[in-house]
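Participant: I'm passing along query_14.pdb; it holds PDB, C-alpha atoms.
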```
ATOM      1  CA  MET W   1      26.242  63.321  94.127
ATOM      2  CA  ALA W   2      29.014  64.814  91.988
ATOM      3  CA  LYS W   3      28.305  68.190  90.441
ATOM      4  CA  ARG W   4      27.490  67.881  86.755
ATOM      5  CA  TYR W   5      30.206  69.191  84.495
ATOM      6  CA  ASN W   6      28.882  71.201  81.559
ATOM      7  CA  GLN W   7      31.473  71.147  78.855
ATOM      8  CA  LEU W   8      31.569  74.139  76.537
ATOM      9  CA  PRO W   9      31.000  73.716  72.787
ATOM     10  CA  GLN W  10      34.292  73.660  70.896
ATOM     11  CA  VAL W  11      33.787  77.085  69.301
ATOM     12  CA  ALA W  12      32.967  78.694  72.657
ATOM     13  CA  PHE W  13      36.060  77.092  74.188
ATOM     14  CA  SER W  14      38.201  78.388  71.313
ATOM     15  CA  ILE W  15      36.844  81.900  71.826
ATOM     16  CA  LEU W  16      37.675  81.796  75.551
ATOM     17  CA  LEU W  17      41.163  80.602  74.668
ATOM     18  CA  ALA W  18      41.543  83.418  72.128
ATOM     19  CA  LEU W  19      40.528  85.976  74.766
ATOM     20  CA  SER W  20      42.854  84.578  77.420
ATOM     21  CA  LEU W  21      45.780  86.805  76.433
ATOM     22  CA  LYS W  22      44.093  90.170  75.900
ATOM     23  CA  PRO W  23      40.733  91.761  75.017
ATOM     24  CA  ARG W  24      39.920  91.429  71.329
ATOM     25  CA  HIS W  25      37.267  92.556  68.842
ATOM     26  CA  GLY W  26      35.288  90.207  66.601
ATOM     27  CA  TYR W  27      37.692  89.907  63.683
ATOM     28  CA  GLU W  28      40.706  89.528  65.987
ATOM     29  CA  ILE W  29      38.921  86.686  67.772
ATOM     30  CA  MET W  30      38.219  84.997  64.436
ATOM     31  CA  LYS W  31      41.851  85.268  63.369
ATOM     32  CA  GLN W  32      43.158  84.013  66.716
ATOM     33  CA  VAL W  33      40.745  81.053  66.717
ATOM     34  CA  ALA W  34      41.849  80.123  63.192
ATOM     35  CA  GLU W  35      45.503  80.407  64.214
ATOM     36  CA  ASP W  36      45.064  78.401  67.441
ATOM     37  CA  SER W  37      43.221  75.630  65.628
ATOM     38  CA  LYS W  38      45.635  75.608  62.698
ATOM     39  CA  ALA W  39      42.803  76.808  60.428
ATOM     40  CA  LYS W  40      40.553  73.895  61.398
ATOM     41  CA  ILE W  41      37.997  76.277  62.883
ATOM     42  CA  LYS W  42      37.087  79.100  60.525
ATOM     43  CA  LEU W  43      34.376  81.224  62.067
ATOM     44  CA  ALA W  44      31.966  83.434  60.175
ATOM     45  CA  PRO W  45      30.250  86.408  61.859
ATOM     46  CA  GLY W  46      26.983  84.509  62.524
ATOM     47  CA  ALA W  47      28.699  81.636  64.332
ATOM     48  CA  LEU W  48      31.043  84.004  66.162
ATOM     49  CA  TYR W  49      28.346  86.262  67.580
ATOM     50  CA  THR W  50      26.039  83.332  68.376
ATOM     51  CA  SER W  51      28.824  81.963  70.593
ATOM     52  CA  ILE W  52      29.697  85.381  72.027
ATOM     53  CA  LYS W  53      26.041  85.879  72.942
ATOM     54  CA  LEU W  54      26.027  82.507  74.704
ATOM     55  CA  LEU W  55      29.248  83.290  76.585
ATOM     56  CA  ASN W  56      27.971  86.741  77.482
ATOM     57  CA  GLU W  57      24.712  85.315  78.846
ATOM     58  CA  GLN W  58      26.679  82.831  80.935
ATOM     59  CA  GLY W  59      28.810  85.688  82.298
ATOM     60  CA  LEU W  60      32.034  84.250  80.877
ATOM     61  CA  VAL W  61      32.923  87.247  78.688
ATOM     62  CA  ARG W  62      32.104  90.937  78.886
ATOM     63  CA  GLU W  63      32.311  93.938  76.641
ATOM     64  CA  VAL W  64      35.020  96.513  77.257
ATOM     65  CA  GLU W  65      35.369 100.045  76.022
ATOM     66  CA  ASP W  66      38.271 100.931  73.788
ATOM     67  CA  ASN W  67      38.655 104.660  73.357
ATOM     68  CA  ALA W  68      41.137 104.274  70.534
ATOM     69  CA  ASP W  69      38.696 102.260  68.416
ATOM     70  CA  THR W  70      35.088 103.318  68.755
ATOM     71  CA  ARG W  71      33.887 101.435  65.679
ATOM     72  CA  ARG W  72      34.474  97.993  67.175
ATOM     73  CA  ARG W  73      33.414  96.310  70.366
ATOM     74  CA  TYR W  74      36.057  94.526  72.381
ATOM     75  CA  TYR W  75      35.496  91.504  74.596
ATOM     76  CA  GLU W  76      37.459  90.192  77.549
ATOM     77  CA  LEU W  77      37.234  87.234  79.895
ATOM     78  CA  THR W  78      35.465  87.700  83.209
ATOM     79  CA  ASP W  79      36.748  85.974  86.361
ATOM     80  CA  ALA W  80      34.107  83.294  85.835
ATOM     81  CA  GLY W  81      35.287  82.944  82.232
ATOM     82  CA  ARG W  82      38.886  82.474  83.355
ATOM     83  CA  ARG W  83      37.816  79.839  85.891
ATOM     84  CA  LYS W  84      35.758  78.065  83.248
ATOM     85  CA  LEU W  85      38.684  78.111  80.811
ATOM     86  CA  ASN W  86      40.957  76.634  83.501
ATOM     87  CA  ALA W  87      38.394  73.919  84.217
ATOM     88  CA  GLU W  88      38.137  73.107  80.506
ATOM     89  CA  LEU W  89      41.923  72.991  80.107
ATOM     90  CA  GLU W  90      42.195  70.753  83.144
ATOM     91  CA  TYR W  91      39.587  68.459  81.644
ATOM     92  CA  TYR W  92      41.452  68.248  78.320
ATOM     93  CA  GLU W  93      44.782  67.792  80.113
ATOM     94  CA  ASN W  94      43.384  64.873  82.108
ATOM     95  CA  THR W  95      41.869  63.357  78.970
ATOM     96  CA  VAL W  96      45.167  63.548  77.088
ATOM     97  CA  LYS W  97      47.025  62.144  80.145
ATOM     98  CA  LEU W  98      44.584  59.247  80.298
ATOM     99  CA  ALA W  99      44.902  58.598  76.567
ATOM    100  CA  LYS W 100      48.682  58.559  76.910
ATOM    101  CA  GLN W 101      48.501  56.144  79.851
ATOM    102  CA  ARG W 102      46.335  53.809  77.803
ATOM    103  CA  LYS W 103      48.680  54.211  74.852
ATOM    104  CA  VAL W 104      45.724  55.307  72.729
ATOM    105  CA  TYR W 105      47.441  58.531  71.787
ATOM    106  CA  GLU W 106      50.532  56.882  70.286
ATOM    107  CA  SER W 107      48.536  54.274  68.415
ATOM    108  CA  VAL W 108      46.212  56.895  66.888
ATOM    109  CA  ILE W 109      49.095  59.188  65.956
ATOM    110  CA  GLY W 110      51.078  56.178  64.734
ATOM    111  CA  ALA W 111      48.155  54.962  62.661
ATOM    112  CA  LYS W 112      47.774  58.427  61.148
ATOM    113  CA  ALA W 113      51.455  58.688  60.299
TER     114      ALA W 113
ATOM    115  CA  MET T 114      27.867 102.730  60.926
ATOM    116  CA  LYS T 115      25.364 103.613  58.213
ATOM    117  CA  ASP T 116      28.255 103.394  55.731
ATOM    118  CA  LEU T 117      28.446  99.671  56.397
ATOM    119  CA  ASN T 118      24.764  99.229  55.525
ATOM    120  CA  LYS T 119      25.456 101.076  52.289
ATOM    121  CA  ARG T 120      28.562  99.021  51.628
ATOM    122  CA  PHE T 121      26.728  95.709  52.078
ATOM    123  CA  PRO T 122      23.128  96.507  51.076
ATOM    124  CA  VAL T 123      22.119  92.900  50.353
ATOM    125  CA  TYR T 124      23.883  91.315  53.326
ATOM    126  CA  SER T 125      22.480  93.929  55.718
ATOM    127  CA  LYS T 126      18.985  93.168  54.370
ATOM    128  CA  PHE T 127      19.535  89.460  55.101
ATOM    129  CA  LEU T 128      20.685  90.304  58.630
ATOM    130  CA  LYS T 129      17.165  91.562  59.242
ATOM    131  CA  LEU T 130      16.124  87.894  59.384
ATOM    132  CA  TYR T 131      17.693  87.631  62.861
ATOM    133  CA  PRO T 132      15.388  88.247  65.845
ATOM    134  CA  GLY T 133      15.002  91.945  66.708
ATOM    135  CA  ALA T 134      16.888  91.900  70.024
ATOM    136  CA  TYR T 135      19.839  89.994  68.557
ATOM    137  CA  ARG T 136      19.962  92.299  65.553
ATOM    138  CA  LYS T 137      19.894  95.409  67.677
ATOM    139  CA  ARG T 138      22.828  94.139  69.701
ATOM    140  CA  TYR T 139      25.024  92.484  67.048
ATOM    141  CA  GLU T 140      24.025  93.710  63.566
ATOM    142  CA  GLN T 141      26.582  96.508  63.297
ATOM    143  CA  GLU T 142      29.306  94.340  64.803
ATOM    144  CA  MET T 143      28.611  91.631  62.262
ATOM    145  CA  LEU T 144      28.806  94.159  59.434
ATOM    146  CA  GLN T 145      32.044  95.575  60.857
ATOM    147  CA  THR T 146      33.558  92.096  61.181
ATOM    148  CA  THR T 147      32.514  91.284  57.612
ATOM    149  CA  ALA T 148      34.126  94.525  56.442
ATOM    150  CA  ASP T 149      37.325  93.655  58.338
ATOM    151  CA  MET T 150      37.391  90.173  56.794
ATOM    152  CA  LEU T 151      36.941  91.499  53.278
ATOM    153  CA  ASP T 152      39.450  94.342  53.740
ATOM    154  CA  ASP T 153      42.003  91.814  54.933
ATOM    155  CA  ALA T 154      41.397  89.389  52.051
ATOM    156  CA  PRO T 155      44.431  89.352  49.759
ATOM    157  CA  SER T 156      42.706  88.223  46.566
ATOM    158  CA  ARG T 157      39.377  88.029  44.770
ATOM    159  CA  SER T 158      39.189  84.288  45.298
ATOM    160  CA  THR T 159      39.589  84.761  49.079
ATOM    161  CA  LYS T 160      36.797  87.337  48.991
ATOM    162  CA  ALA T 161      34.611  84.893  47.078
ATOM    163  CA  ALA T 162      35.378  82.195  49.675
ATOM    164  CA  ILE T 163      34.371  84.621  52.451
ATOM    165  CA  TRP T 164      31.049  85.360  50.759
ATOM    166  CA  LEU T 165      30.440  81.648  50.286
ATOM    167  CA  ASN T 166      31.168  81.087  53.970
ATOM    168  CA  LEU T 167      28.736  83.911  54.838
ATOM    169  CA  ALA T 168      26.062  82.385  52.588
ATOM    170  CA  ILE T 169      26.292  79.133  54.577
ATOM    171  CA  ASP T 170      26.673  80.828  57.957
ATOM    172  CA  LEU T 171      23.631  83.079  57.594
ATOM    173  CA  PRO T 172      20.763  80.551  57.282
ATOM    174  CA  VAL T 173      22.283  78.245  59.917
ATOM    175  CA  ASN T 174      22.645  80.952  62.546
ATOM    176  CA  VAL T 175      19.427  82.785  61.676
ATOM    177  CA  SER T 176      17.512  79.514  62.268
ATOM    178  CA  LYS T 177      19.464  78.903  65.493
ATOM    179  CA  GLN T 178      18.685  82.368  66.847
ATOM    180  CA  GLN T 179      15.042  82.273  65.763
ATOM    181  CA  LEU T 180      14.552  78.874  67.411
ATOM    182  CA  GLN T 181      16.262  80.103  70.576
ATOM    183  CA  TYR T 182      14.058  83.187  70.534
ATOM    184  CA  ILE T 183      10.823  81.224  70.054
ATOM    185  CA  GLY T 184      11.970  78.557  72.512
ATOM    186  CA  GLY T 185      12.908  81.307  74.976
ATOM    187  CA  ILE T 186       9.441  82.848  74.791
ATOM    188  CA  MET T 187       7.871  79.446  75.223
ATOM    189  CA  LEU T 188      10.132  78.512  78.098
ATOM    190  CA  LYS T 189       9.628  81.830  79.825
ATOM    191  CA  ASP T 190       5.939  82.535  79.404
ATOM    192  CA  THR T 191       4.218  79.223  78.651
ATOM    193  CA  PRO T 192       2.607  77.749  81.767
ATOM    194  CA  HIS T 193       4.094  74.472  82.942
ATOM    195  CA  TYR T 194       0.835  72.509  82.538
ATOM    196  CA  ILE T 195       0.615  73.503  78.855
ATOM    197  CA  LYS T 196       4.137  72.260  78.149
ATOM    198  CA  ARG T 197       3.457  69.024  80.046
ATOM    199  CA  ASN T 198       0.055  68.389  78.446
ATOM    200  CA  SER T 199       1.365  69.138  74.942
ATOM    201  CA  ILE T 200       4.135  66.588  75.393
ATOM    202  CA  ILE T 201       1.697  63.971  76.763
ATOM    203  CA  ALA T 202      -0.821  64.607  73.958
ATOM    204  CA  THR T 203       1.834  64.548  71.238
ATOM    205  CA  ALA T 204       3.280  61.325  72.665
ATOM    206  CA  MET T 205      -0.135  59.715  72.124
ATOM    207  CA  PHE T 206       0.462  59.847  68.369
ATOM    208  CA  LEU T 207       3.639  57.819  68.626
ATOM    209  CA  PRO T 208       1.807  54.445  68.278
ATOM    210  CA  PHE T 209       0.036  55.851  65.206
ATOM    211  CA  LEU T 210       3.332  56.960  63.675
ATOM    212  CA  ALA T 211       4.976  53.667  64.634
ATOM    213  CA  ALA T 212       2.100  51.728  63.040
ATOM    214  CA  LEU T 213       2.278  53.812  59.859
ATOM    215  CA  THR T 214       6.032  53.245  59.658
ATOM    216  CA  THR T 215       5.620  49.523  60.264
ATOM    217  CA  ASN T 216       2.951  49.420  57.601
ATOM    218  CA  GLY T 217       5.232  51.205  55.161
ATOM    219  CA  LEU T 218       8.028  48.729  55.861
ATOM    220  CA  ASP T 219       5.562  45.840  55.577
ATOM    221  CA  LYS T 220       4.580  47.125  52.169
ATOM    222  CA  VAL T 221       8.164  47.512  51.002
ATOM    223  CA  ILE T 222       9.440  44.191  52.390
ATOM    224  CA  ASN T 223       6.417  41.893  51.973
ATOM    225  CA  ASN T 224       4.482  43.902  49.374
ATOM    226  CA  HIS T 225       1.414  43.892  51.595
ATOM    227  CA  THR T 226      -1.262  46.510  51.095
ATOM    228  CA  LEU T 227      -2.621  48.370  54.105
ATOM    229  CA  TYR T 228      -5.697  46.138  54.428
ATOM    230  CA  ASN T 229      -3.672  42.929  54.256
ATOM    231  CA  SER T 230      -0.991  44.036  56.678
ATOM    232  CA  TRP T 231      -0.845  42.679  60.188
ATOM    233  CA  VAL T 232      -0.861  46.260  61.479
ATOM    234  CA  TRP T 233      -4.308  46.833  60.022
ATOM    235  CA  LYS T 234      -5.611  43.464  61.225
ATOM    236  CA  SER T 235      -4.171  43.898  64.702
ATOM    237  CA  PRO T 236      -6.820  44.282  67.440
ATOM    238  CA  ALA T 237      -4.862  47.307  68.733
ATOM    239  CA  ILE T 238      -5.840  49.306  65.642
ATOM    240  CA  ASN T 239      -8.732  50.978  67.462
ATOM    241  CA  LEU T 240      -6.383  52.129  70.150
ATOM    242  CA  TRP T 241      -3.906  53.888  67.897
ATOM    243  CA  ILE T 242      -6.265  55.085  65.213
ATOM    244  CA  ILE T 243      -9.181  56.272  67.352
ATOM    245  CA  TRP T 244      -8.882  56.283  71.119
ATOM    246  CA  LEU T 245      -5.421  57.772  71.567
ATOM    247  CA  PRO T 246      -5.993  60.564  69.010
ATOM    248  CA  ILE T 247      -9.375  61.325  70.630
ATOM    249  CA  LEU T 248      -7.736  61.443  74.046
ATOM    250  CA  ALA T 249      -4.910  63.629  72.722
ATOM    251  CA  PHE T 250      -7.424  65.962  71.080
ATOM    252  CA  TRP T 251      -9.405  66.416  74.300
ATOM    253  CA  ILE T 252      -6.292  66.892  76.415
ATOM    254  CA  ALA T 253      -5.190  69.672  74.050
ATOM    255  CA  VAL T 254      -8.616  71.319  73.825
ATOM    256  CA  LEU T 255      -9.301  71.178  77.571
ATOM    257  CA  SER T 256      -5.820  72.508  78.358
ATOM    258  CA  TYR T 257      -6.431  75.403  76.010
ATOM    259  CA  LEU T 258      -9.846  76.114  77.553
ATOM    260  CA  ASN T 259      -8.217  76.013  80.983
ATOM    261  CA  TYR T 260      -5.571  78.445  79.727
ATOM    262  CA  VAL T 261      -8.270  80.773  78.393
ATOM    263  CA  ALA T 262     -10.228  80.566  81.647
ATOM    264  CA  ARG T 263      -7.150  81.323  83.744
ATOM    265  CA  SER T 264      -6.139  84.236  81.490
ATOM    266  CA  HIS T 265      -9.665  85.557  81.811
ATOM    267  CA  SER T 266      -9.613  85.461  85.571
ATOM    268  CA  LYS T 267      -6.222  87.194  85.734
ATOM    269  CA  SER T 268      -6.812  89.806  83.119
ATOM    270  CA  LEU T 269      -9.830  90.927  81.151
ATOM    271  CA  ARG T 270      -7.844  91.909  78.107
ATOM    272  CA  VAL T 271      -9.348  90.319  74.982
ATOM    273  CA  LYS T 272      -5.866  89.998  73.507
ATOM    274  CA  GLY T 273      -4.788  87.993  76.525
ATOM    275  CA  ILE T 274      -7.826  85.711  76.377
ATOM    276  CA  PHE T 275      -7.414  84.708  72.762
ATOM    277  CA  GLY T 276      -3.645  85.053  72.442
ATOM    278  CA  ILE T 277      -2.317  81.676  71.298
ATOM    279  CA  LYS T 278       1.318  82.784  71.739
ATOM    280  CA  ASN T 279       1.895  80.922  74.991
ATOM    281  CA  ALA T 280      -0.374  77.988  74.218
ATOM    282  CA  TRP T 281       0.920  77.195  70.715
ATOM    283  CA  PRO T 282       2.413  73.805  71.697
ATOM    284  CA  LEU T 283      -1.178  72.601  72.032
ATOM    285  CA  VAL T 284      -1.744  73.325  68.355
ATOM    286  CA  ILE T 285       0.499  70.389  67.356
ATOM    287  CA  PRO T 286      -1.596  67.576  68.914
ATOM    288  CA  THR T 287      -4.850  69.311  67.922
ATOM    289  CA  VAL T 288      -3.854  69.541  64.261
ATOM    290  CA  CYS T 289      -2.524  65.950  64.270
ATOM    291  CA  ALA T 290      -5.791  64.664  65.766
ATOM    292  CA  LEU T 291      -7.947  66.618  63.296
ATOM    293  CA  PHE T 292      -5.826  65.330  60.435
ATOM    294  CA  ILE T 293      -6.312  61.728  61.582
ATOM    295  CA  PHE T 294     -10.083  62.183  62.045
ATOM    296  CA  PHE T 295     -10.309  63.760  58.604
ATOM    297  CA  ALA T 296      -8.293  60.935  57.060
ATOM    298  CA  ILE T 297     -10.474  58.305  58.775
ATOM    299  CA  ALA T 298     -13.716  59.952  57.733
ATOM    300  CA  PHE T 299     -12.829  60.781  54.156
ATOM    301  CA  HIS T 300     -10.003  58.580  52.930
ATOM    302  CA  ASP T 301     -12.265  56.170  51.031
ATOM    303  CA  SER T 302     -14.195  58.977  49.366
ATOM    304  CA  VAL T 303     -11.172  60.987  48.256
ATOM    305  CA  HIS T 304     -11.611  59.678  44.728
ATOM    306  CA  CYS T 305     -15.096  61.252  44.688
ATOM    307  CA  TRP T 306     -14.091  64.807  45.341
ATOM    308  CA  VAL T 307     -10.526  64.886  44.023
ATOM    309  CA  GLN T 308     -11.687  64.900  40.444
ATOM    310  CA  SER T 309     -10.799  67.323  37.714
ATOM    311  CA  PRO T 310     -12.333  70.771  38.298
ATOM    312  CA  SER T 311     -14.539  70.399  35.244
ATOM    313  CA  TYR T 312     -15.884  67.033  36.457
ATOM    314  CA  LEU T 313     -16.630  68.571  39.844
ATOM    315  CA  ALA T 314     -18.481  71.485  38.233
ATOM    316  CA  HIS T 315     -20.618  69.270  35.955
ATOM    317  CA  HIS T 316     -21.305  66.414  38.329
ATOM    318  CA  PHE T 317     -21.424  68.190  41.663
ATOM    319  CA  SER T 318     -24.478  66.305  42.945
ATOM    320  CA  GLN T 319     -22.902  62.931  42.082
ATOM    321  CA  VAL T 320     -19.660  63.868  43.799
ATOM    322  CA  LYS T 321     -21.538  65.032  46.868
ATOM    323  CA  GLN T 322     -23.543  61.814  46.999
ATOM    324  CA  CYS T 323     -20.472  59.646  46.558
ATOM    325  CA  SER T 324     -18.587  61.611  49.180
ATOM    326  CA  GLU T 325     -21.423  61.351  51.698
ATOM    327  CA  ARG T 326     -21.779  57.618  51.074
ATOM    328  CA  GLY T 327     -18.041  57.142  51.553
ATOM    329  CA  ARG T 328     -17.982  59.241  54.681
ATOM    330  CA  SER T 329     -20.959  57.594  56.328
ATOM    331  CA  PHE T 330     -19.625  54.162  55.450
ATOM    332  CA  ASN T 331     -16.180  54.909  56.854
ATOM    333  CA  THR T 332     -17.357  56.611  59.998
ATOM    334  CA  TRP T 333     -19.850  53.864  60.791
ATOM    335  CA  HIS T 334     -17.350  51.142  59.951
ATOM    336  CA  ILE T 335     -14.694  52.603  62.234
ATOM    337  CA  VAL T 336     -17.075  53.344  65.107
ATOM    338  CA  LYS T 337     -18.538  49.827  64.845
ATOM    339  CA  ARG T 338     -15.055  48.315  64.987
ATOM    340  CA  ALA T 339     -14.175  50.545  67.911
ATOM    341  CA  LEU T 340     -17.292  49.689  69.899
ATOM    342  CA  PHE T 341     -17.801  45.998  69.181
TER     343      PHE T 341
END
```
When written as structure tokens, how does the structure in this file appear?
Facilitator:
Amino acid sequence: MAKRYNQLPQVAFSILLALSLKPRHGYEIMKQVAEDSKAKIKLAPGALYTSIKLLNEQGLVREVEDNADTRRRYYELTDAGRRKLNAELEYYENTVKLAKQRKVYESVIGAKA
Amino acid sequence: MKDLNKRFPVYSKFLKLYPGAYRKRYEQEMLQTTADMLDDAPSRSTKAAIWLNLAIDLPVNVSKQQLQYIGGIMLKDTPHYIKRNSIIATAMFLPFLAALTTNGLDKVINNHTLYNSWVWKSPAINLWIIWLPILAFWIAVLSYLNYVARSHSKSLRVKGIFGIKNAWPLVIPTVCALFIFFAIAFHDSVHCWVQSPSYLAHHFSQVKQCSERGRSFNTWHIVKRALF
């Protein structure tokens, strides 16, 4: 039997993507998520830390010390987090490829335009 | 860190609604992030939008965390047989709920009253109104007694014996069953005792008599239908 694939919630995925370049603190994550999503995802502290807690419990992100800034906590991806992000990206890549093959993508974009 | 609590006295009070462990871990970070957001806001209107966003974010995520916390306790400490029996007992009310819903629809669509509806006349009425709730009630009560007995054998602490914390799912079917029994026994005599307070005070004996007559009639009527 194939192993079940647990897809991450969109916000959690966006946070992993935001942390893929460098460790960031809460507000930096929020800004990066907003930028990556073209302001479609605007996180507030409650939603942000609910997702960070979830990712932390799953071992996908961890806290790192930053001696230059003791007031804020910084987060970075763990190895498991990086693998999970790659798996998610692969999933989205395949989905987009499939949509393109079926010409769904063009028709949706065309219909929108 | 204390400066942030002083800077946002109301918001930091609201953050106390989060579960203790979550608050201990993330409260200061949330305040710091809020401070960063507000410091970075270019105008008053942006600040107002941030506060509006926070006002929506707070109740949603407080409820989420509280539910996770309660669910976590239940998942961790509640014995498996209590979870299973609560689900079975609660499922026994589904026919009752389905019948009530059908009756409501029957009333809306065909303008039938309860006593004229096919739901009420159906021979299965005894099953959903009496036998399943009775069964659900006893499953819940016996499971709780079993839980108490097991706690007693493991530990003699009085707190452990009577602590409902890990057996609370059983409360749902018990309360539902008691509500149904109460409704069956008293629904025809409600008009006797839901009078104005002054009527009740002046005609207490009449109300009592009426209520007893209604109760005995209903109970006997239902039991007779159930048995014969």
Participant: Check the smallest atom-to-atom distance from each of W:Gly46, W:Gly81, W:Pro9, W:Gly59 to chain T using all atoms listed in the file, then report the winner.
Facilitator: W:Gly46
Participant: Quick one, how far is CA of Ala134 (chain T) from CA of Tyr182 (chain T)?
Facilitator: 9.2 Å
Participant: Compute the chain W side of the contact with chain T at 10 Å, counting all atoms listed in the file, and hand it back as a list in words.
Facilitator: His25, Gly26, Tyr27, Glu28, Met30, Lys31, Lys42, Leu43, Ala44, Pro45, Gly46, Ala47, Leu48, Tyr49, Thr50, Ile52, Lys53, Arg71, Arg72 and Arg73 of chain W
Participant: For the atom pair CA of Arg82 (chain W) and CA of Ala34 (chain W), what is the interatomic distance in Å to one decimal place?
Facilitator: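 Interatomic distance, CA of Arg82 (chain W) to CA of Ala34 (chain W): 20.5 Å.
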Participant: Using CA of Thr191 (chain T) and CA of Arg136 (chain T) as the two end points, give the distance in Å to one decimal.
Facilitator: 24.3 Å
Participant: Once the PyMOL selection byres ((chain T and resi 203) around 12) has been evaluated on this model, what residues remain selected, and can you format them as a ChimeraX atom specification?
Facilitator: /T:195-202,204-210,245-253,282-290
Participant: Any chance you could work out the residue set of the PyMOL selection byres ((chain W and resi 84) around 12) here, as a list in words?
Facilitator: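 So the PyMOL selection byres ((chain W and resi 84) around 12) ends up selecting Tyr5, Asn6, Gln7, Leu8, Ala12, Phe13, Leu16, Leu17, Ser20, Leu55, Gln58, Gly59, Leu60, Val61, Leu77, Thr78, Asp79, Ala80, Gly81, Arg82, Arg83, Leu85, Asn86, Ala87, Glu88, Leu89, Glu90 and Tyr91 of chain W.
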Participant: Could you tell me which of W:Asn67, W:Arg62, W:Ser51, W:Val11 comes closest to Gln32 (chain W) if we count all atoms listed in the file?
Facilitator: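 The answer is W:Val11, which sits nearest to Gln32 (chain W).
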Participant: Using only C-alpha atoms, can you tell me which of W:Ala68, W:Glu76, W:Lys97, W:Val104 comes closest to Leu19 (chain W)?
Facilitator: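 Of all the options, W:Glu76 lies closest to Leu19 (chain W).
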Participant: So that all listed atoms of region 33-36 of chain W fit with 3 Å spare on each side, what axis-aligned box centre and edge lengths in Å, to one decimal, would you give as AutoDock Vina command-line options?
Facilitator:
```
--center_x 43.1 --center_y 79.7 --center_z 65.3 --size_x 10.8 --size_y 8.7 --size_z 10.2
```
Participant: May I have the residues within 6 Å of Tyr75 (chain W) as number ranges by chain, using all atoms listed in the file and disregarding those fewer than 4 positions away in the same chain?
Facilitator: W: 23-24, 62-64
Participant: Can you take the partial region 4-16 of chain W, add N, CA and C atoms, and return it as a CSV table (one decimal), in the coordinates of the input?
Facilitator:
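Writing done, so here's selection_4.csv:
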```csv
chain,number,residue,atom,x,y,z
W,4,ARG,N,27.4,68.2,88.2
W,4,ARG,CA,27.5,67.9,86.8
W,4,ARG,C,28.4,68.9,86.1
W,5,TYR,N,29.3,68.3,85.2
W,5,TYR,CA,30.2,69.2,84.5
W,5,TYR,C,29.7,69.5,83.1
W,6,ASN,N,29.4,70.8,82.9
W,6,ASN,CA,28.9,71.2,81.6
W,6,ASN,C,30.0,71.6,80.7
W,7,GLN,N,30.4,70.8,79.7
W,7,GLN,CA,31.5,71.1,78.9
W,7,GLN,C,31.0,72.2,77.8
W,8,LEU,N,31.9,73.1,77.5
W,8,LEU,CA,31.6,74.1,76.5
W,8,LEU,C,31.6,73.6,75.1
W,9,PRO,N,30.8,74.1,74.2
W,9,PRO,CA,31.0,73.7,72.8
W,9,PRO,C,32.4,74.1,72.3
W,10,GLN,N,32.9,73.4,71.3
W,10,GLN,CA,34.3,73.7,70.9
W,10,GLN,C,34.6,75.1,70.5
W,11,VAL,N,33.6,75.7,69.8
W,11,VAL,CA,33.8,77.1,69.3
W,11,VAL,C,33.9,78.0,70.5
W,12,ALA,N,33.0,77.8,71.5
W,12,ALA,CA,33.0,78.7,72.7
W,12,ALA,C,34.3,78.5,73.4
W,13,PHE,N,34.8,77.3,73.5
W,13,PHE,CA,36.1,77.1,74.2
W,13,PHE,C,37.2,77.8,73.4
W,14,SER,N,37.2,77.7,72.1
W,14,SER,CA,38.2,78.4,71.3
W,14,SER,C,38.2,79.9,71.5
W,15,ILE,N,37.0,80.4,71.6
W,15,ILE,CA,36.8,81.9,71.8
W,15,ILE,C,37.4,82.3,73.2
W,16,LEU,N,37.1,81.5,74.2
W,16,LEU,CA,37.7,81.8,75.6
W,16,LEU,C,39.2,81.7,75.5
```
